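Everything on this sheet refers to the single structure shown next.
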Amino acid sequence: MKIPLNWLKEYVDLTLPPAQLVERLTLAGLEVAGVRVLGLPIPEGVRVKAEERGPVWERDKIVIAEVLSVEKHPNADRLTLPTVTWGEGKTKLLVTGAPNIKVGDKGQKVVLGLTGSVLFDGHSEVKTLKELKPSKIRGVASDSMVCSLLELGISEEHEGIIILEDDAPVGMPLVDFMGDIILEVDVLPNMARCLSMIGVAREVAALTGQTLKLPASRFALESSDKNREPISGQVNVEIENPKLCARYAAALIKGVIIGAAPGWMQRRLTYAGMRPISNIVDITNFVMLEWGQPLHAFDYDLLVKRAGGKTPTIIVRSARAGEVLVTLDGQKRELNPEHLLIADTAGPIALAGVMGGRDTEVTAQTKNILLESANFDFVSIRRTMKHFNLPSEASVRFSRGIHPETVLPAAMRAAELMSQCAGGTVCAGVVDNYPAPLPPQVVELKLSAASRLLGVEFPKAEAVRILKALEFGVEDKGADTLRVTTPPHRLDIQVGEADLIEELVRVYGYDRLPSTLLADQLPRQETNSELVFEERVRDIIVGCGLQEVVTYALTTPEREAPFGPADNSLRPSGGEGTGVRGRRAGLEDSPRDVEYVTLKNPISSERVVMRQSLLASVLEVTAANLRHSEDVRFFEVGRVYLPRTGQPLPREPRRLAIVLTGRRTPEFWADGPSAEKKPLDFFDLKGVIVALLEDLQMSAAQFQNHTAGPWLPGRAADLLVQGKPIGVFGQLHFKTVESLGMGARSILAADLDLEALQAAVPVRYSFAPVPRFPSALRDIAVIVDEAITADKATAEIRAAGGELLRGVRLFDLYRGDSIPKDTKSLAFALTYQADDRTLTDKEVDKAHKKIEDRLKHVLKAQIRGKE
């Protein structure tokens with residue numbers, strides 16, 4: 001809500017500088033999100049956003065002037081030449097294209113900017129401050145200008161110049177007449193009472209020790225006033241359901257003259273963010289901003305006409321199926337029983353608390369006004385507002401909740417303003433239907449409870465002062481107890497004692513409460529090793545170029561069918577719990593039953609059980625992404641849920657799933673159309689796994705061929721660390737990929753047990769210094785039986801190499817006619833090095849000979865090039 005301080009001053013004296021007022025309001029729960037300064041220098045300590053900064057209206061350069069005459073421009077049809085005065089003997093001939101100044105006009109009060117004024121450039125697409133300098137416009141000299149709202153930085157409106165009220169003092173600096181500071185306050189739901197100027201003024205009065213000044217009204221709307229025509233017999237009000245409408249009051253104002261609202265009212269509405277329309281509409285909006293009570297004006301004569309010349313009856317009811325209402329915006333609204341209506345005997349005339357109807361709209365011909373001030377159920381208003389997407393200042397206030405006691409004061413204030421600003425005559429009395437008045441809420445407040453919750457002793461005198469400043473009724477009931485009566489404008493005191501304590505400390509100031517330390521010693525802080533390890537794994541895999549995904553923990557047994565316990569070496573053994581029974585099988589295995597943790601009330605048919613395979617979830621996301629992309633590099637760290645016999649809760653071990661597919665390298669402009677597009681393969685995935693193991697300082701990893709389940713034989717491997725299974729990775733079988741809706745793509749995947757992986761990470765590990773002496777390189781190529789793996793050959797090489805062997809790397813694999821059938825050739829690059837010397841050729845040859853001999857003896861290998 002926007003709070004112009006000059007408007008706020010009418011209800012409470014502002015004794016704090018703007019910066020301190022902003023701080024006090026924010027600490028009290030009314031956060032000031034922004035400040036706009038109109039015409040004034042920015043006060044010390046006030047922060048204004050760069051985009052909100054406007055021109056300073058210098059006192060001697062921007063003043064109020066009066067139009068003496070307006071003549072036609074000799075060289076332009078759309079320009080006029082007004083002559084203005086801003087004091088005795090001070091006149092100026094200007095050039096303007098404003099459409100609201102015409103030839104022959106005189107007497108209007110305008111805003112004059114003299115040479116040297118700094119204003120926004122009204123002809124620039126970007127808001128730019130520009131100094132006003134003498135110039136010629138179509139041959140006529142002009143060194144000053146009449147100003148619009150845009151040029152002064154008040155609003156974006158630039159359709160015409162500002163026309164002030166007739167009594168605006170000529171020659172007065174504009175900054176004294178219109179300068180203001182506007183606070184933009186974020187009003188939270190628990191502070192809905194502050195969606196009004198008076199509500200904010202109450203808070204300021206309590207915070208600063210000042211007295212609230214409510215606007216006086218000379219119309220009490222009593223029906224006993226014999227000097228005015230009574231409202232009795234001229235309108236009736238019926239409420240069908242008091243739960244939806246707690247109170248409805250109708251006042252009647254006759255003989256109004258529709259026109260523009262006074263300048264002071266238009267400025268306040270503009271500064272508060274609302275657009276002036278006409279005096280009647282502006283009065284209802286003004287009172288809504290002042291009291292926080294939305295109002296609506298009906299054309300009374302149209303209501304009488306709809307009633308066939310009889311007394312109109314206002315009926316507050318729910319809509320009936322099939323009813324239609326054309327609202328003020330011209331839209332035809334189809335209604336249903338969830339919508340609350342204002343109706344008469346002929347049908348709907350307004351959406352209660354949201355928008356009026358076209359049939360009873362106030363127009364320029366309106367003479368008599370029926371003024372509505374009512375209190376509606378906030379849930380019903382919010383539902384209607386959301387259904388028709390009709391947010392408004394009124395519906396926002398109704399949907400936050402308004403106390404029914406605000407209805408009459410707002411109606412009295414609006415009636416008085418319609419008498420003053422529209423020339424109307426207010427009928428005596430008001431038709432007030434209030435079927436179930438809310439009883440006063442009384443709360444017993446124990447100061448000992450306040451001290452317990454706040455941690456400090458709260459003085460009784462201070463508690464009484466604050467509560468009375470907030471207009472609570474306070475009755476002393478003993479040394480420790482106060483009987484507190486909630487004021488009639490408050491609906492937020494729900495819990496009772498705790499709400500009152502919050503009011504006390506909010507006004508007293510949270511910043512004034514002394515800081516205290518805990519009386520007890522802080523418990524020992526322990527690292528969450530599981531979380532630290534998960535983040536470490538994530539960082540490593542992201543560094544390999546993969547993207548993390550977070551998938552649903554809910555799935556269906558059918559989606560996990562290819563990844564059953566019989567096919568998943570990482571699934572722990574254990575008893576089977578109770579739950580939904582699904583079917584799982586590999587490509588060659590017979591199906592077996594699997595127990596799941598199941599939801600009693602699933603959110604959809606695709607989310608009925610808790611997952612037991614993280615890889616299946618990541619593959620589901622992969623399939624969705626492959627509809628729009630050819631390359632996927634995903635991973636997820638998450639939990640699976642395995643039922644336990646006799647236990648109410650499942651085990652929740654952590655898993656790591658990886659999925660890769662697509663091109664090895666991205667498209668590059670220099671590749672050309674004939675460039676080979678190599679896809680990702682098993683060894684790309686293995687590289688990610690190896691990088692993860694190396695960064696985790698796990699050197700004792702082994703890879704074994706894996707053939708079961710959904711994996712492609714010969715292109716999948718089990719990962720073992722220190723002989724313990726960690727998981728499986730490789731290429732998924734083509735049938736599995738097709739069953740998952742991914743066509744004939746090559747899908748690489750890994751399913752690893754994060755618990756086993758963390759258990760295998762060494763607690764401590766050592767670092768080797770950077771070698772001071774050079775290394776010696778040797779190659780060795782051996783012919784071995786097809787069944788011997790490179791891992792086994794590497795292990796024998798390391799066993800024979802001793803301390804001098806520092807590195808073994810397989811760099812070639814060969815099968816062909818030049819070697820015996822059912823054999824293969826493995827070529828390794830070996831690195832020899834010592835920490836304390838440069839190795840001689842003799843030392844290297846001796847170590848190399850040991851390796852050759854061991855390979856020949858243990859693996860029955862042939863050394864290529866020597867045998």
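Numbering starts fresh at 1 for the residues of each chain in the structure tokens, the chains themselves are lettered A, B, ... in the order given, and ligands are numbered from 1 as they appear.
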>> With only C-alpha atoms as the counted atoms, please give the residues lying no more than 8 Å from segment 288-290 of chain A, apart from itself and same-chain residues fewer than 6 positions off, as a PyMOL selection string.
In response: chain A and resi 195-198+394+410
Could you please take those selected residues and save all heavy atoms as an mmCIF file, in the first residue's frame?
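File produced: result_2.cif:
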```
data_model
loop_
_atom_site.group_PDB
_atom_site.id
_atom_site.type_symbol
_atom_site.label_atom_id
_atom_site.label_comp_id
_atom_site.auth_asym_id
_atom_site.auth_seq_id
_atom_site.Cartn_x
_atom_site.Cartn_y
_atom_site.Cartn_z
ATOM 1 N N LEU A 195 -4.418 -1.856 5.826
ATOM 2 C CA LEU A 195 -4.673 -1.545 4.415
ATOM 3 C C LEU A 195 -5.540 -0.291 4.330
ATOM 4 O O LEU A 195 -6.493 -0.222 3.557
ATOM 5 C CB LEU A 195 -5.356 -2.730 3.727
ATOM 6 C CG LEU A 195 -4.439 -3.905 3.382
ATOM 7 C CD1 LEU A 195 -5.260 -5.120 2.948
ATOM 8 C CD2 LEU A 195 -3.460 -3.527 2.287
ATOM 9 N N SER A 196 -5.207 0.681 5.147
ATOM 10 C CA SER A 196 -5.940 1.947 5.177
ATOM 11 C C SER A 196 -5.048 3.004 5.795
ATOM 12 O O SER A 196 -4.136 2.695 6.568
ATOM 13 C CB SER A 196 -7.234 1.806 5.992
ATOM 14 O OG SER A 196 -6.929 1.569 7.355
ATOM 15 N N MET A 197 -5.328 4.251 5.474
ATOM 16 C CA MET A 197 -4.562 5.348 6.055
ATOM 17 C C MET A 197 -4.774 5.420 7.566
ATOM 18 O O MET A 197 -3.825 5.618 8.332
ATOM 19 C CB MET A 197 -4.967 6.669 5.406
ATOM 20 C CG MET A 197 -4.690 6.757 3.923
ATOM 21 S SD MET A 197 -2.938 6.606 3.520
ATOM 22 C CE MET A 197 -2.274 8.005 4.391
ATOM 23 N N ILE A 198 -6.022 5.251 8.007
ATOM 24 C CA ILE A 198 -6.298 5.304 9.440
ATOM 25 C C ILE A 198 -5.641 4.134 10.155
ATOM 26 O O ILE A 198 -5.131 4.283 11.276
ATOM 27 C CB ILE A 198 -7.825 5.343 9.683
ATOM 28 C CG1 ILE A 198 -8.379 6.699 9.219
ATOM 29 C CG2 ILE A 198 -8.169 5.082 11.130
ATOM 30 C CD1 ILE A 198 -9.885 6.830 9.306
ATOM 31 N N ALA A 394 -10.512 -3.309 -3.742
ATOM 32 C CA ALA A 394 -11.622 -3.707 -2.876
ATOM 33 C C ALA A 394 -11.568 -5.191 -2.549
ATOM 34 O O ALA A 394 -11.681 -5.597 -1.381
ATOM 35 C CB ALA A 394 -12.951 -3.360 -3.551
ATOM 36 N N ALA A 410 -17.410 4.310 7.628
ATOM 37 C CA ALA A 410 -17.049 4.548 6.229
ATOM 38 C C ALA A 410 -18.233 5.114 5.456
ATOM 39 O O ALA A 410 -18.081 6.034 4.626
ATOM 40 C CB ALA A 410 -16.562 3.252 5.583
#
```
> What are the DSSP helix (DSSP H, G or I) residues of segment 784-865 of chain A, as a VMD selection string?
Replying inline: chain A and resid 790 to 804 841 to 858
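Checking A:Leu164, A:Ile349, A:Val621, A:Ala708 one by one against Leu302 of chain A, counting only C-alpha atoms, you find the shortest gap at A:Ile349.
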> So which bits of segment 494-716 of chain A end up strand (DSSP E or B) when you DSSP the backbone, as a ChimeraX atom specification?
Replying inline: /A:547-548,554-555,580-584,592-596,598,604,607,609-610,632-639,642,651,654-661,663,679,701-705,711-716
Serialized selection, N, CA and C atoms, as a tab-separated table (two decimals), in the first residue's frame:
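Output file again.tsv follows:
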```tsv
chain	number	residue	atom	x	y	z
A	547	GLN	N	24.92	-33.31	-15.50
A	547	GLN	CA	23.94	-32.40	-14.91
A	547	GLN	C	23.09	-33.17	-13.92
A	548	GLU	N	22.91	-32.61	-12.72
A	548	GLU	CA	22.12	-33.29	-11.70
A	548	GLU	C	20.63	-33.11	-11.96
A	554	LEU	N	8.13	-41.36	-6.13
A	554	LEU	CA	6.96	-42.21	-6.36
A	554	LEU	C	6.95	-42.70	-7.79
A	555	THR	N	6.56	-43.93	-8.00
A	555	THR	CA	6.58	-44.51	-9.34
A	555	THR	C	5.53	-45.63	-9.40
A	580	VAL	N	2.41	-53.45	-1.83
A	580	VAL	CA	1.97	-53.81	-3.17
A	580	VAL	C	2.95	-54.79	-3.77
A	581	ARG	N	2.43	-55.76	-4.46
A	581	ARG	CA	3.29	-56.78	-5.06
A	581	ARG	C	3.39	-56.51	-6.55
A	582	GLY	N	4.61	-56.32	-7.05
A	582	GLY	CA	4.83	-56.06	-8.47
A	582	GLY	C	5.60	-57.20	-9.10
A	583	ARG	N	5.75	-57.17	-10.42
A	583	ARG	CA	6.47	-58.22	-11.15
A	583	ARG	C	7.71	-57.63	-11.75
A	584	ARG	N	8.85	-58.29	-11.52
A	584	ARG	CA	10.10	-57.86	-12.12
A	584	ARG	C	10.79	-59.04	-12.76
A	592	ARG	N	9.55	-62.48	-10.96
A	592	ARG	CA	9.40	-62.77	-9.53
A	592	ARG	C	8.67	-61.61	-8.88
A	593	ASP	N	8.02	-61.90	-7.76
A	593	ASP	CA	7.26	-60.88	-7.06
A	593	ASP	C	8.19	-59.99	-6.25
A	594	VAL	N	7.83	-58.68	-6.18
A	594	VAL	CA	8.59	-57.71	-5.41
A	594	VAL	C	7.62	-56.93	-4.55
A	595	GLU	N	7.93	-56.77	-3.27
A	595	GLU	CA	7.10	-56.00	-2.36
A	595	GLU	C	7.48	-54.53	-2.43
A	596	TYR	N	6.46	-53.65	-2.38
A	596	TYR	CA	6.69	-52.21	-2.45
A	596	TYR	C	6.03	-51.52	-1.25
A	598	THR	N	3.57	-48.81	-0.50
A	598	THR	CA	2.53	-48.25	-1.36
A	598	THR	C	1.78	-47.12	-0.67
A	604	SER	N	-1.68	-39.74	-8.28
A	604	SER	CA	-2.04	-40.10	-9.65
A	604	SER	C	-1.73	-41.57	-9.85
A	607	ARG	N	1.97	-42.51	-9.77
A	607	ARG	CA	2.75	-42.31	-8.54
A	607	ARG	C	2.06	-43.08	-7.42
A	609	VAL	N	3.64	-46.15	-5.76
A	609	VAL	CA	4.53	-46.85	-4.84
A	609	VAL	C	5.82	-46.06	-4.69
A	610	MET	N	6.53	-46.34	-3.59
A	610	MET	CA	7.85	-45.73	-3.39
A	610	MET	C	8.87	-46.52	-4.20
A	632	VAL	N	22.12	-36.32	-23.60
A	632	VAL	CA	21.74	-36.31	-22.20
A	632	VAL	C	22.91	-36.80	-21.38
A	633	ARG	N	23.23	-36.05	-20.35
A	633	ARG	CA	24.25	-36.47	-19.38
A	633	ARG	C	23.71	-36.16	-17.99
A	634	PHE	N	22.98	-37.12	-17.40
A	634	PHE	CA	22.27	-36.90	-16.15
A	634	PHE	C	22.86	-37.78	-15.05
A	635	PHE	N	22.70	-37.29	-13.81
A	635	PHE	CA	22.96	-38.13	-12.64
A	635	PHE	C	22.05	-37.68	-11.51
A	636	GLU	N	21.84	-38.58	-10.55
A	636	GLU	CA	21.07	-38.23	-9.37
A	636	GLU	C	21.60	-39.00	-8.17
A	637	VAL	N	21.65	-38.31	-7.04
A	637	VAL	CA	21.93	-38.94	-5.75
A	637	VAL	C	20.61	-38.92	-4.98
A	638	GLY	N	20.11	-40.09	-4.63
A	638	GLY	CA	18.82	-40.14	-3.96
A	638	GLY	C	18.63	-41.44	-3.22
A	639	ARG	N	17.48	-41.59	-2.61
A	639	ARG	CA	17.18	-42.77	-1.79
A	639	ARG	C	16.18	-43.69	-2.49
A	642	LEU	N	13.01	-49.74	0.65
A	642	LEU	CA	12.92	-51.19	0.64
A	642	LEU	C	12.18	-51.66	1.89
A	651	ARG	N	13.70	-49.53	4.87
A	651	ARG	CA	15.08	-49.03	4.79
A	651	ARG	C	15.15	-48.02	3.65
A	654	ARG	N	20.93	-45.06	0.13
A	654	ARG	CA	21.19	-44.05	-0.91
A	654	ARG	C	21.80	-44.72	-2.14
A	655	ARG	N	21.48	-44.17	-3.29
A	655	ARG	CA	21.98	-44.68	-4.55
A	655	ARG	C	22.53	-43.53	-5.40
A	656	LEU	N	23.37	-43.89	-6.34
A	656	LEU	CA	23.86	-42.96	-7.35
A	656	LEU	C	23.53	-43.56	-8.71
A	657	ALA	N	22.77	-42.83	-9.51
A	657	ALA	CA	22.40	-43.27	-10.86
A	657	ALA	C	22.97	-42.29	-11.88
A	658	ILE	N	23.50	-42.84	-12.97
A	658	ILE	CA	24.08	-42.04	-14.05
A	658	ILE	C	23.51	-42.52	-15.37
A	659	VAL	N	23.16	-41.59	-16.27
A	659	VAL	CA	22.68	-41.94	-17.61
A	659	VAL	C	23.38	-41.03	-18.62
A	660	LEU	N	23.97	-41.64	-19.65
A	660	LEU	CA	24.62	-40.90	-20.73
A	660	LEU	C	24.09	-41.38	-22.07
A	661	THR	N	23.90	-40.47	-23.00
A	661	THR	CA	23.59	-40.83	-24.37
A	661	THR	C	23.83	-39.62	-25.26
A	663	ARG	N	26.17	-37.63	-28.56
A	663	ARG	CA	27.49	-37.50	-29.18
A	663	ARG	C	28.57	-37.29	-28.13
A	679	PRO	N	29.50	-41.52	-31.20
A	679	PRO	CA	28.60	-41.52	-30.04
A	679	PRO	C	29.36	-41.88	-28.76
A	701	ALA	N	39.98	-50.65	-7.01
A	701	ALA	CA	38.75	-50.96	-7.73
A	701	ALA	C	38.97	-52.05	-8.75
A	702	GLN	N	37.95	-52.87	-8.94
A	702	GLN	CA	38.00	-53.95	-9.94
A	702	GLN	C	36.73	-53.89	-10.79
A	703	PHE	N	36.86	-54.35	-12.03
A	703	PHE	CA	35.73	-54.39	-12.96
A	703	PHE	C	35.58	-55.82	-13.46
A	704	GLN	N	34.37	-56.36	-13.35
A	704	GLN	CA	34.09	-57.72	-13.81
A	704	GLN	C	32.95	-57.69	-14.81
A	705	ASN	N	33.00	-58.59	-15.77
A	705	ASN	CA	31.97	-58.64	-16.80
A	705	ASN	C	30.61	-58.96	-16.17
A	711	TRP	N	21.12	-55.39	-19.08
A	711	TRP	CA	22.37	-54.89	-19.64
A	711	TRP	C	22.77	-55.67	-20.89
A	712	LEU	N	23.46	-55.01	-21.80
A	712	LEU	CA	23.92	-55.64	-23.04
A	712	LEU	C	25.15	-56.48	-22.75
A	713	PRO	N	25.13	-57.77	-23.02
A	713	PRO	CA	26.29	-58.62	-22.73
A	713	PRO	C	27.55	-58.10	-23.42
A	714	GLY	N	28.65	-58.11	-22.69
A	714	GLY	CA	29.93	-57.66	-23.23
A	714	GLY	C	30.14	-56.17	-23.12
A	715	ARG	N	29.11	-55.44	-22.74
A	715	ARG	CA	29.24	-53.98	-22.62
A	715	ARG	C	28.74	-53.50	-21.27
A	716	ALA	N	28.86	-54.32	-20.24
A	716	ALA	CA	28.47	-53.95	-18.89
A	716	ALA	C	29.44	-54.59	-17.92
```
> Given the choices A:Leu826, A:Ala33, A:Ala834, A:Ala192, which gets closest to Lys49 of chain A if the distance is worked out from only C-alpha atoms?
Replying inline: A:Ala33
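Closest approach to Pro435 of chain A among A:Lys130, A:Lys102, A:Arg306, A:Lys243: A:Lys243, based on only C-alpha atoms.
A straight line drawn from atom CA of Ser605 of chain A to atom CA of Pro650 of chain A is 21.9 Å long.
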